[in-house]
$ cat work.cif   # mmCIF, C-alpha atoms and all ligand atoms; chains and numbers go by the auth columns
data_structure
loop_
_atom_site.group_PDB
_atom_site.id
_atom_site.type_symbol
_atom_site.label_atom_id
_atom_site.label_comp_id
_atom_site.label_asym_id
_atom_site.label_seq_id
_atom_site.Cartn_x
_atom_site.Cartn_y
_atom_site.Cartn_z
_atom_site.B_iso_or_equiv
_atom_site.auth_seq_id
_atom_site.auth_asym_id
ATOM 1 C CA MET A 1 5.972 28.243 46.318 0.00 65 Y
ATOM 2 C CA ASP A 2 5.217 31.955 46.801 0.00 66 Y
ATOM 3 C CA LEU A 3 1.499 32.595 46.231 0.00 67 Y
ATOM 4 C CA ASP A 4 1.994 35.496 43.795 0.00 68 Y
ATOM 5 C CA LYS A 5 4.390 33.355 41.763 0.00 69 Y
ATOM 6 C CA ALA A 6 1.969 30.416 41.675 0.00 70 Y
ATOM 7 C CA ILE A 7 -0.925 32.648 40.577 0.00 71 Y
ATOM 8 C CA ASN A 8 1.180 34.385 37.952 0.00 72 Y
ATOM 9 C CA GLU A 9 2.877 31.322 36.480 0.00 73 Y
ATOM 10 C CA ARG A 10 0.018 28.797 36.599 0.00 74 Y
ATOM 11 C CA ARG A 11 -1.351 27.848 33.241 0.00 75 Y
ATOM 12 C CA SER A 12 -3.523 25.054 31.945 0.00 76 Y
ATOM 13 C CA ILE A 13 -1.560 21.865 31.306 0.00 77 Y
ATOM 14 C CA ARG A 14 -2.745 19.673 28.444 0.00 78 Y
ATOM 15 C CA GLY A 15 0.108 17.184 28.081 0.00 79 Y
ATOM 16 C CA TYR A 16 1.107 14.813 30.896 0.00 80 Y
ATOM 17 C CA LYS A 17 3.685 12.231 31.816 0.00 81 Y
ATOM 18 C CA PRO A 18 2.069 8.866 32.521 0.00 82 Y
ATOM 19 C CA ASP A 19 3.573 8.746 36.042 0.00 83 Y
ATOM 20 C CA PRO A 20 1.020 8.231 38.820 0.00 84 Y
ATOM 21 C CA VAL A 21 0.257 10.925 41.382 0.00 85 Y
ATOM 22 C CA PRO A 22 0.502 9.730 44.995 0.00 86 Y
ATOM 23 C CA ARG A 23 -2.846 9.596 46.751 0.00 87 Y
ATOM 24 C CA GLU A 24 -1.377 11.418 49.807 0.00 88 Y
ATOM 25 C CA MET A 25 -0.470 14.357 47.567 0.00 89 Y
ATOM 26 C CA LEU A 26 -4.005 14.479 46.166 0.00 90 Y
ATOM 27 C CA GLU A 27 -5.402 14.412 49.696 0.00 91 Y
ATOM 28 C CA GLU A 28 -3.100 17.298 50.655 0.00 92 Y
ATOM 29 C CA ILE A 29 -4.278 19.323 47.646 0.00 93 Y
ATOM 30 C CA ILE A 30 -7.934 18.664 48.384 0.00 94 Y
ATOM 31 C CA ALA A 31 -7.442 19.580 52.058 0.00 95 Y
ATOM 32 C CA LEU A 32 -6.019 22.938 50.952 0.00 96 Y
ATOM 33 C CA ALA A 33 -8.753 23.482 48.352 0.00 97 Y
ATOM 34 C CA ASN A 34 -11.354 22.785 51.032 0.00 98 Y
ATOM 35 C CA ARG A 35 -10.218 26.025 52.742 0.00 99 Y
ATOM 36 C CA ALA A 36 -11.998 27.985 49.978 0.00 100 Y
ATOM 37 C CA PRO A 37 -14.655 30.479 51.004 0.00 101 Y
ATOM 38 C CA SER A 38 -18.274 29.585 50.268 0.00 102 Y
ATOM 39 C CA SER A 39 -21.634 31.229 50.740 0.00 103 Y
ATOM 40 C CA MET A 40 -22.509 30.997 54.458 0.00 104 Y
ATOM 41 C CA ASN A 41 -19.724 28.384 54.706 0.00 105 Y
ATOM 42 C CA THR A 42 -22.023 25.844 53.062 0.00 106 Y
ATOM 43 C CA GLN A 43 -19.070 24.040 51.384 0.00 107 Y
ATOM 44 C CA PRO A 44 -21.398 22.372 48.851 0.00 108 Y
ATOM 45 C CA TRP A 45 -18.614 20.640 46.894 0.00 109 Y
ATOM 46 C CA HIS A 46 -17.484 17.017 46.482 0.00 110 Y
ATOM 47 C CA PHE A 47 -14.460 15.592 44.659 0.00 111 Y
ATOM 48 C CA HIS A 48 -14.454 12.201 42.963 0.00 112 Y
ATOM 49 C CA VAL A 49 -10.827 11.364 42.222 0.00 113 Y
ATOM 50 C CA LEU A 50 -10.389 8.887 39.378 0.00 114 Y
ATOM 51 C CA THR A 51 -7.363 7.074 38.043 0.00 115 Y
ATOM 52 C CA GLY A 52 -6.542 3.723 36.396 0.00 116 Y
ATOM 53 C CA GLU A 53 -9.310 1.620 34.861 0.00 117 Y
ATOM 54 C CA PRO A 54 -12.299 3.734 35.971 0.00 118 Y
ATOM 55 C CA LEU A 55 -10.698 6.800 34.369 0.00 119 Y
ATOM 56 C CA GLU A 56 -10.005 4.824 31.177 0.00 120 Y
ATOM 57 C CA GLN A 57 -13.677 3.822 31.083 0.00 121 Y
ATOM 58 C CA VAL A 58 -14.766 7.452 31.465 0.00 122 Y
ATOM 59 C CA ARG A 59 -12.390 8.544 28.688 0.00 123 Y
ATOM 60 C CA ARG A 60 -13.648 5.794 26.381 0.00 124 Y
ATOM 61 C CA GLY A 61 -17.329 6.352 27.086 0.00 125 Y
ATOM 62 C CA ASN A 62 -17.056 10.126 26.761 0.00 126 Y
ATOM 63 C CA SER A 63 -15.001 10.001 23.541 0.00 127 Y
ATOM 64 C CA GLU A 64 -17.037 7.257 21.852 0.00 128 Y
ATOM 65 C CA ARG A 65 -20.317 9.063 22.469 0.00 129 Y
ATOM 66 C CA MET A 66 -18.962 12.420 21.305 0.00 130 Y
ATOM 67 C CA LEU A 67 -17.546 10.787 18.160 0.00 131 Y
ATOM 68 C CA ALA A 68 -20.855 9.032 17.534 0.00 132 Y
ATOM 69 C CA GLY A 69 -22.610 12.411 17.615 0.00 133 Y
ATOM 70 C CA VAL A 70 -24.494 11.925 20.894 0.00 134 Y
ATOM 71 C CA PRO A 71 -25.486 15.472 21.971 0.00 135 Y
ATOM 72 C CA PRO A 72 -23.558 16.673 25.039 0.00 136 Y
ATOM 73 C CA GLN A 73 -25.264 15.663 28.267 0.00 137 Y
ATOM 74 C CA ARG A 74 -24.024 17.972 30.973 0.00 138 Y
ATOM 75 C CA GLU A 75 -25.830 18.552 34.233 0.00 139 Y
ATOM 76 C CA ILE A 76 -25.467 22.330 34.321 0.00 140 Y
ATOM 77 C CA PRO A 77 -26.960 24.798 31.807 0.00 141 Y
ATOM 78 C CA ASP A 78 -25.031 24.971 28.533 0.00 142 Y
ATOM 79 C CA HIS A 79 -23.174 28.271 28.042 0.00 143 Y
ATOM 80 C CA GLY A 80 -23.951 28.216 24.311 0.00 144 Y
ATOM 81 C CA ALA A 81 -21.823 29.950 21.686 0.00 145 Y
ATOM 82 C CA TYR A 82 -19.777 32.913 22.858 0.00 146 Y
ATOM 83 C CA THR A 83 -20.060 36.148 20.908 0.00 147 Y
ATOM 84 C CA GLY A 84 -18.323 39.543 20.741 0.00 148 Y
ATOM 85 C CA VAL A 85 -15.248 40.053 22.914 0.00 149 Y
ATOM 86 C CA HIS A 86 -15.762 36.647 24.562 0.00 150 Y
ATOM 87 C CA ARG A 87 -15.626 34.935 21.187 0.00 151 Y
ATOM 88 C CA ASP A 88 -12.544 37.013 20.313 0.00 152 Y
ATOM 89 C CA ARG A 89 -10.752 35.778 23.444 0.00 153 Y
ATOM 90 C CA GLN A 90 -11.839 32.200 22.777 0.00 154 Y
ATOM 91 C CA VAL A 91 -10.398 32.405 19.251 0.00 155 Y
ATOM 92 C CA GLU A 92 -7.205 34.018 20.545 0.00 156 Y
ATOM 93 C CA ILE A 93 -6.389 31.199 22.977 0.00 157 Y
ATOM 94 C CA ALA A 94 -7.308 28.566 20.374 0.00 158 Y
ATOM 95 C CA LYS A 95 -4.904 30.211 17.900 0.00 159 Y
ATOM 96 C CA GLN A 96 -2.144 30.280 20.522 0.00 160 Y
ATOM 97 C CA LEU A 97 -2.633 26.587 21.323 0.00 161 Y
ATOM 98 C CA PHE A 98 -2.826 25.507 17.667 0.00 162 Y
ATOM 99 C CA ALA A 99 0.254 27.572 16.788 0.00 163 Y
ATOM 100 C CA ALA A 100 2.219 25.947 19.623 0.00 164 Y
ATOM 101 C CA MET A 101 1.100 22.491 18.459 0.00 165 Y
ATOM 102 C CA GLY A 102 1.792 23.258 14.778 0.00 166 Y
ATOM 103 C CA ILE A 103 -1.853 22.672 13.846 0.00 167 Y
ATOM 104 C CA ALA A 104 -2.729 24.605 10.683 0.00 168 Y
ATOM 105 C CA ARG A 105 -6.002 26.522 10.473 0.00 169 Y
ATOM 106 C CA ASP A 106 -7.358 24.281 7.698 0.00 170 Y
ATOM 107 C CA ASP A 107 -6.033 20.991 9.136 0.00 171 Y
ATOM 108 C CA LYS A 108 -9.393 19.491 10.057 0.00 172 Y
ATOM 109 C CA VAL A 109 -7.889 16.150 11.065 0.00 173 Y
ATOM 110 C CA MET A 110 -5.473 17.621 13.586 0.00 174 Y
ATOM 111 C CA ARG A 111 -8.070 20.041 14.911 0.00 175 Y
ATOM 112 C CA GLN A 112 -10.442 17.150 15.477 0.00 176 Y
ATOM 113 C CA ASP A 113 -7.597 15.222 17.125 0.00 177 Y
ATOM 114 C CA TRP A 114 -7.100 18.152 19.510 0.00 178 Y
ATOM 115 C CA VAL A 115 -10.792 18.216 20.407 0.00 179 Y
ATOM 116 C CA MET A 116 -10.712 14.455 21.033 0.00 180 Y
ATOM 117 C CA ARG A 117 -7.768 14.922 23.395 0.00 181 Y
ATOM 118 C CA GLY A 118 -10.013 17.153 25.457 0.00 182 Y
ATOM 119 C CA PHE A 119 -12.704 14.487 25.597 0.00 183 Y
ATOM 120 C CA ARG A 120 -9.989 12.074 26.796 0.00 184 Y
ATOM 121 C CA GLN A 121 -9.003 14.584 29.478 0.00 185 Y
ATOM 122 C CA PHE A 122 -5.669 15.034 27.739 0.00 186 Y
ATOM 123 C CA ASP A 123 -4.692 11.514 28.859 0.00 187 Y
ATOM 124 C CA ALA A 124 -3.972 12.823 32.347 0.00 188 Y
ATOM 125 C CA PRO A 125 -3.318 10.114 34.960 0.00 189 Y
ATOM 126 C CA VAL A 126 -5.898 11.654 37.311 0.00 190 Y
ATOM 127 C CA SER A 127 -9.304 13.256 36.839 0.00 191 Y
ATOM 128 C CA ILE A 128 -11.085 14.998 39.678 0.00 192 Y
ATOM 129 C CA VAL A 129 -14.821 15.211 39.047 0.00 193 Y
ATOM 130 C CA VAL A 130 -16.242 18.211 40.892 0.00 194 Y
ATOM 131 C CA THR A 131 -19.865 18.038 42.034 0.00 195 Y
ATOM 132 C CA PHE A 132 -22.207 19.957 44.321 0.00 196 Y
ATOM 133 C CA ASP A 133 -25.163 19.074 46.524 0.00 197 Y
ATOM 134 C CA ARG A 134 -28.326 18.741 44.456 0.00 198 Y
ATOM 135 C CA MET A 135 -30.385 20.172 47.333 0.00 199 Y
ATOM 136 C CA ILE A 136 -29.158 23.663 46.361 0.00 200 Y
ATOM 137 C CA GLU A 137 -29.491 23.155 42.602 0.00 201 Y
ATOM 138 C CA ASP A 138 -32.493 25.497 42.454 0.00 202 Y
ATOM 139 C CA GLN A 139 -31.042 28.116 44.782 0.00 203 Y
ATOM 140 C CA GLY A 140 -29.487 30.243 42.071 0.00 204 Y
ATOM 141 C CA THR A 141 -25.927 30.373 40.829 0.00 205 Y
ATOM 142 C CA ILE A 142 -24.247 30.528 44.226 0.00 206 Y
ATOM 143 C CA ALA A 143 -23.127 26.876 44.169 0.00 207 Y
ATOM 144 C CA HIS A 144 -21.340 27.535 40.871 0.00 208 Y
ATOM 145 C CA PHE A 145 -19.517 30.448 42.501 0.00 209 Y
ATOM 146 C CA ASP A 146 -18.491 28.270 45.463 0.00 210 Y
ATOM 147 C CA LEU A 147 -17.241 25.527 43.168 0.00 211 Y
ATOM 148 C CA GLY A 148 -15.251 28.008 41.084 0.00 212 Y
ATOM 149 C CA ALA A 149 -13.500 29.170 44.238 0.00 213 Y
ATOM 150 C CA VAL A 150 -12.693 25.676 45.458 0.00 214 Y
ATOM 151 C CA THR A 151 -11.559 24.508 42.019 0.00 215 Y
ATOM 152 C CA TYR A 152 -9.169 27.421 41.565 0.00 216 Y
ATOM 153 C CA GLY A 153 -7.663 26.639 44.980 0.00 217 Y
ATOM 154 C CA LEU A 154 -7.280 23.051 43.879 0.00 218 Y
ATOM 155 C CA VAL A 155 -5.371 23.858 40.700 0.00 219 Y
ATOM 156 C CA LEU A 156 -3.159 26.378 42.508 0.00 220 Y
ATOM 157 C CA ALA A 157 -2.320 23.873 45.265 0.00 221 Y
ATOM 158 C CA ALA A 158 -1.483 21.337 42.549 0.00 222 Y
ATOM 159 C CA TRP A 159 0.701 23.865 40.721 0.00 223 Y
ATOM 160 C CA ALA A 160 2.599 24.732 43.898 0.00 224 Y
ATOM 161 C CA ARG A 161 3.608 21.041 44.081 0.00 225 Y
ATOM 162 C CA GLY A 162 4.873 20.867 40.514 0.00 226 Y
ATOM 163 C CA LEU A 163 1.693 19.224 39.253 0.00 227 Y
ATOM 164 C CA GLY A 164 -0.225 20.533 36.279 0.00 228 Y
ATOM 165 C CA ALA A 165 -3.966 20.676 35.767 0.00 229 Y
ATOM 166 C CA VAL A 166 -6.640 21.882 33.404 0.00 230 Y
ATOM 167 C CA ILE A 167 -10.231 22.524 34.357 0.00 231 Y
ATOM 168 C CA ASN A 168 -11.870 20.454 31.672 0.00 232 Y
ATOM 169 C CA GLY A 169 -15.551 20.840 30.816 0.00 233 Y
ATOM 170 C CA GLN A 170 -15.001 18.553 27.817 0.00 234 Y
ATOM 171 C CA GLY A 171 -14.212 15.641 30.136 0.00 235 Y
ATOM 172 C CA ILE A 172 -17.758 15.506 31.542 0.00 236 Y
ATOM 173 C CA MET A 173 -19.612 16.246 28.286 0.00 237 Y
ATOM 174 C CA GLN A 174 -21.251 12.844 28.579 0.00 238 Y
ATOM 175 C CA SER A 175 -22.011 13.111 32.267 0.00 239 Y
ATOM 176 C CA PRO A 176 -24.150 9.927 32.463 0.00 240 Y
ATOM 177 C CA VAL A 177 -20.999 7.917 31.669 0.00 241 Y
ATOM 178 C CA VAL A 178 -19.027 9.716 34.388 0.00 242 Y
ATOM 179 C CA ARG A 179 -21.903 9.295 36.843 0.00 243 Y
ATOM 180 C CA GLU A 180 -22.199 5.571 36.216 0.00 244 Y
ATOM 181 C CA VAL A 181 -18.503 4.675 36.140 0.00 245 Y
ATOM 182 C CA ALA A 182 -17.520 6.859 39.097 0.00 246 Y
ATOM 183 C CA GLY A 183 -20.620 5.918 41.103 0.00 247 Y
ATOM 184 C CA ILE A 184 -21.627 9.532 41.682 0.00 248 Y
ATOM 185 C CA PRO A 185 -24.594 9.659 44.079 0.00 249 Y
ATOM 186 C CA ASP A 186 -27.945 10.952 42.801 0.00 250 Y
ATOM 187 C CA ASP A 187 -27.960 13.782 45.320 0.00 251 Y
ATOM 188 C CA GLU A 188 -24.952 15.441 43.648 0.00 252 Y
ATOM 189 C CA VAL A 189 -24.785 17.451 40.396 0.00 253 Y
ATOM 190 C CA ILE A 190 -21.701 17.115 38.168 0.00 254 Y
ATOM 191 C CA LEU A 191 -20.266 20.563 37.392 0.00 255 Y
ATOM 192 C CA THR A 192 -16.902 19.926 35.810 0.00 256 Y
ATOM 193 C CA CYS A 193 -13.731 17.893 36.084 0.00 257 Y
ATOM 194 C CA VAL A 194 -10.060 18.726 36.492 0.00 258 Y
ATOM 195 C CA ALA A 195 -7.457 16.719 34.575 0.00 259 Y
ATOM 196 C CA LEU A 196 -4.283 16.545 36.636 0.00 260 Y
ATOM 197 C CA GLY A 197 -0.794 15.040 36.573 0.00 261 Y
ATOM 198 C CA TRP A 198 2.903 15.718 36.092 0.00 262 Y
ATOM 199 C CA PRO A 199 3.417 18.122 33.164 0.00 263 Y
ATOM 200 C CA ASP A 200 5.148 16.775 30.073 0.00 264 Y
ATOM 201 C CA ASP A 201 7.790 19.441 29.438 0.00 265 Y
ATOM 202 C CA GLU A 202 8.074 18.346 25.793 0.00 266 Y
ATOM 203 C CA PHE A 203 4.418 19.136 25.104 0.00 267 Y
ATOM 204 C CA ALA A 204 4.424 22.518 23.378 0.00 268 Y
ATOM 205 C CA ALA A 205 0.932 23.648 24.383 0.00 269 Y
ATOM 206 C CA ASN A 206 1.981 23.498 28.030 0.00 270 Y
ATOM 207 C CA GLU A 207 4.133 26.589 27.453 0.00 271 Y
ATOM 208 C CA VAL A 208 1.274 28.727 26.186 0.00 272 Y
ATOM 209 C CA ARG A 209 0.624 31.742 28.386 0.00 273 Y
ATOM 210 C CA SER A 210 -2.871 33.010 27.713 0.00 274 Y
ATOM 211 C CA ASN A 211 -3.417 36.769 27.609 0.00 275 Y
ATOM 212 C CA ARG A 212 -5.194 38.765 30.245 0.00 276 Y
ATOM 213 C CA ARG A 213 -6.927 42.112 30.327 0.00 277 Y
ATOM 214 C CA THR A 214 -5.120 44.764 32.335 0.00 278 Y
ATOM 215 C CA VAL A 215 -6.202 46.280 35.636 0.00 279 Y
ATOM 216 C CA GLY A 216 -7.239 49.370 33.684 0.00 280 Y
ATOM 217 C CA GLU A 217 -9.500 47.225 31.502 0.00 281 Y
ATOM 218 C CA THR A 218 -11.070 45.196 34.284 0.00 282 Y
ATOM 219 C CA ALA A 219 -11.319 47.530 37.277 0.00 283 Y
ATOM 220 C CA ARG A 220 -12.821 50.876 38.236 0.00 284 Y
ATOM 221 C CA PHE A 221 -11.759 52.611 41.428 0.00 285 Y
ATOM 222 C CA VAL A 222 -14.330 54.778 43.121 0.00 286 Y
ATOM 223 C CA GLY A 223 -13.585 57.258 45.886 0.00 287 Y
ATOM 224 C CA PHE A 224 -9.785 57.015 45.708 0.00 288 Y
HETATM 225 C C1 LIG B . -15.126 26.261 33.565 0.00 301 H
HETATM 226 C C2 LIG B . -13.907 25.971 32.714 0.00 301 H
HETATM 227 C C3 LIG B . -13.976 24.970 31.761 0.00 301 H
HETATM 228 C C4 LIG B . -12.865 24.699 30.965 0.00 301 H
HETATM 229 N N1 LIG B . -12.944 23.684 30.046 0.00 301 H
HETATM 230 C C5 LIG B . -11.899 23.440 29.244 0.00 301 H
HETATM 231 C C6 LIG B . -11.957 22.402 28.295 0.00 301 H
HETATM 232 O O1 LIG B . -12.972 21.706 28.166 0.00 301 H
HETATM 233 N N2 LIG B . -10.868 22.171 27.510 0.00 301 H
HETATM 234 C C7 LIG B . -9.732 22.914 27.639 0.00 301 H
HETATM 235 O O2 LIG B . -8.774 22.651 26.911 0.00 301 H
HETATM 236 N N3 LIG B . -9.629 23.906 28.556 0.00 301 H
HETATM 237 C C8 LIG B . -10.681 24.188 29.362 0.00 301 H
HETATM 238 N N4 LIG B . -10.596 25.180 30.299 0.00 301 H
HETATM 239 C C9 LIG B . -9.336 25.928 30.455 0.00 301 H
HETATM 240 C C10 LIG B . -9.424 27.311 29.817 0.00 301 H
HETATM 241 O O3 LIG B . -9.372 27.194 28.411 0.00 301 H
HETATM 242 C C11 LIG B . -8.228 28.142 30.333 0.00 301 H
HETATM 243 O O4 LIG B . -8.325 28.306 31.722 0.00 301 H
HETATM 244 C C12 LIG B . -8.155 29.522 29.681 0.00 301 H
HETATM 245 O O5 LIG B . -7.941 29.405 28.297 0.00 301 H
HETATM 246 C C13 LIG B . -7.032 30.374 30.282 0.00 301 H
HETATM 247 O O6 LIG B . -5.800 29.693 30.147 0.00 301 H
HETATM 248 P P1 LIG B . -4.889 29.320 31.401 0.00 301 H
HETATM 249 O O7 LIG B . -5.677 28.416 32.304 0.00 301 H
HETATM 250 O O8 LIG B . -3.689 28.623 30.801 0.00 301 H
HETATM 251 O O9 LIG B . -4.523 30.587 32.103 0.00 301 H
HETATM 252 C C14 LIG B . -11.682 25.444 31.121 0.00 301 H
HETATM 253 C C15 LIG B . -11.609 26.431 32.111 0.00 301 H
HETATM 254 C C16 LIG B . -12.702 26.683 32.905 0.00 301 H
HETATM 255 C C17 LIG B . -12.604 27.731 33.991 0.00 301 H
#

$ encode --input "work.cif" --output "structure tokens"
Amino acid sequence: MDLDKAINERRSIRGYKPDPVPREMLEEIIALANRAPSSMNTQPWHFHVLTGEPLEQVRRGNSERMLAGVPPQREIPDHGAYTGVHRDRQVEIAKQLFAAMGIARDDKVMRQDWVMRGFRQFDAPVSIVVTFDRMIEDQGTIAHFDLGAVTYGLVLAAWARGLGAVINGQGIMQSPVVREVAGIPDDEVILTCVALGWPDDEFAANEVRSNRRTVGETARFVGF
């Protein structure tokens, strides 16, 4: 697929067919993602690719603890509540998704159901847990930058193959569960996970195209 087309058409996929994803295809995607730039070429990332029973265990553990009211246990600083224009954009995408899914503003049950889907990683057949080397945990935010770059490459490479994905912070809310089930080594920090699989074309939220600011709103040109 043409790169511009992949970048332009990619969107987060939150409804999947149950069909498995071949391991060779996942290896191909990760090999491409690994070409991402990183600070001083440190390549501090690791991918833990889960499917089948281990993934079911992560889903269950994550969902049960969130339902039981266990406070989120992530391994990176919490971003807290967004405010101002960031909150406005958060609300906008939520409205788009709920409208597509026919979830009314005051339908608490369906809204809660939607949140639980996120904790279940939208029932995707694959989850890729993205971690970085703990030895650079205290060296500023650079590892987060590197992992953002590699993760975007990953979802684009998936998209170019007809796969869908959503970067899914909700899926690692209860990181101790993920760490234990997936056997994540102590010298790695869990940053996020990516739910991935074949898009379910009947799932309305998959058609949602989130809005973007324009070039005029995001960029300044100096010296042109
Ligand atoms: C760091 C990060 C964490 C995210 N976590 C979630 C999540 O927990 N649940 C979810 O539904 N989407 C999550 N997303 C997807 C964003 O909501 C999505 O990228 C954004 O709304 C723009 O939509 P698009 O990806 O369809 O262009 C996350 C994205 C990023 C980059």

$ residues_near_ligand --input "work.cif" --ligand "ligand LIG 301 (chain H)" --cutoff "7 Å" --atoms "all atoms listed in the file" --output "VMD selection string"
chain Y and resid 74 to 76 78 157 182 230 to 235 256 272 to 274

$ atom_distance --input "work.cif" --atom1 "atom CA of Y:Ile77" --atom2 "atom CA of Y:Arg124"
20.7 Å

$ residues_around --input "work.cif" --residues "Y:Gly261" --least-positions-apart "4" --cutoff "10 Å" --atoms "all atoms listed in the file" --output "PyMOL selection string"
chain Y and resi 77-85+187-191+222-223+226-230

$ resolve_selection --input "work.cif" --expression "the PyMOL selection byres (((chain Y and resi 244) around 12) and not hetatm)" --output "list in words"
Pro118, Leu119, Gln121, Val122, Gly125, Asn126, Ile236, Gln238, Ser239, Pro240, Val241, Val242, Arg243, Val245, Ala246, Gly247, Ile248, Pro249, Asp250 and Ile254 of chain Y

$ closest_residue --input "work.cif" --among "Y:Ala269, Y:Arg284, Y:Asp210, Y:Val253" --to "Y:Ser103" --atoms "only C-alpha atoms"
Y:Asp210

$ resolve_selection --input "work.cif" --expression "the PyMOL selection byres (((chain Y and resi 200-208) around 8) and not hetatm)" --output "PDB file with C-alpha atoms, in the coordinates of the input"
ATOM      1  CA  SER Y 103     -21.634  31.229  50.740  1.00  0.00           C
ATOM      2  CA  PRO Y 108     -21.398  22.372  48.851  1.00  0.00           C
ATOM      3  CA  PHE Y 196     -22.207  19.957  44.321  1.00  0.00           C
ATOM      4  CA  ASP Y 197     -25.163  19.074  46.524  1.00  0.00           C
ATOM      5  CA  ARG Y 198     -28.326  18.741  44.456  1.00  0.00           C
ATOM      6  CA  MET Y 199     -30.385  20.172  47.333  1.00  0.00           C
ATOM      7  CA  PHE Y 209     -19.517  30.448  42.501  1.00  0.00           C
ATOM      8  CA  ASP Y 210     -18.491  28.270  45.463  1.00  0.00           C
ATOM      9  CA  LEU Y 211     -17.241  25.527  43.168  1.00  0.00           C
ATOM     10  CA  GLY Y 212     -15.251  28.008  41.084  1.00  0.00           C
ATOM     11  CA  VAL Y 253     -24.785  17.451  40.396  1.00  0.00           C
ATOM     12  CA  LEU Y 255     -20.266  20.563  37.392  1.00  0.00           C
TER      13      LEU Y 255
END

$ closest_residue --input "work.cif" --among "Y:Arg138, Y:Arg184, Y:Arg99, Y:Arg175" --to "Y:Glu120" --atoms "all atoms listed in the file"
Y:Arg184

$ axis_aligned_box --input "work.cif" --around "stretch 184-187 of chain Y" --padding-each-side "3 Å" --output "JSON"
{"center_x": -7.3, "center_y": 13.3, "center_z": 28.1, "size_x": 11.3, "size_y": 9.5, "size_z": 8.7}

$ atom_distance --input "work.cif" --atom1 "atom CA of Y:Asn72" --atom2 "atom CA of Y:Leu96"
18.8 Å

$ atom_distance --input "work.cif" --atom1 "atom CA of Y:Ser127" --atom2 "atom CA of Y:Met237"
9.1 Å

$ resolve_selection --input "work.cif" --expression "the PyMOL selection byres (((chain Y and resi 192) around 7) and not hetatm)" --output "PDB file with C-alpha atoms, in the frame of the given file"
ATOM      1  CA  PHE Y 111     -14.460  15.592  44.659  1.00  0.00           C
ATOM      2  CA  HIS Y 112     -14.454  12.201  42.963  1.00  0.00           C
ATOM      3  CA  VAL Y 113     -10.827  11.364  42.222  1.00  0.00           C
ATOM      4  CA  LEU Y 114     -10.389   8.887  39.378  1.00  0.00           C
ATOM      5  CA  VAL Y 190      -5.898  11.654  37.311  1.00  0.00           C
ATOM      6  CA  SER Y 191      -9.304  13.256  36.839  1.00  0.00           C
ATOM      7  CA  VAL Y 193     -14.821  15.211  39.047  1.00  0.00           C
ATOM      8  CA  VAL Y 194     -16.242  18.211  40.892  1.00  0.00           C
ATOM      9  CA  CYS Y 257     -13.731  17.893  36.084  1.00  0.00           C
ATOM     10  CA  VAL Y 258     -10.060  18.726  36.492  1.00  0.00           C
ATOM     11  CA  ALA Y 259      -7.457  16.719  34.575  1.00  0.00           C
TER      12      ALA Y 259
END
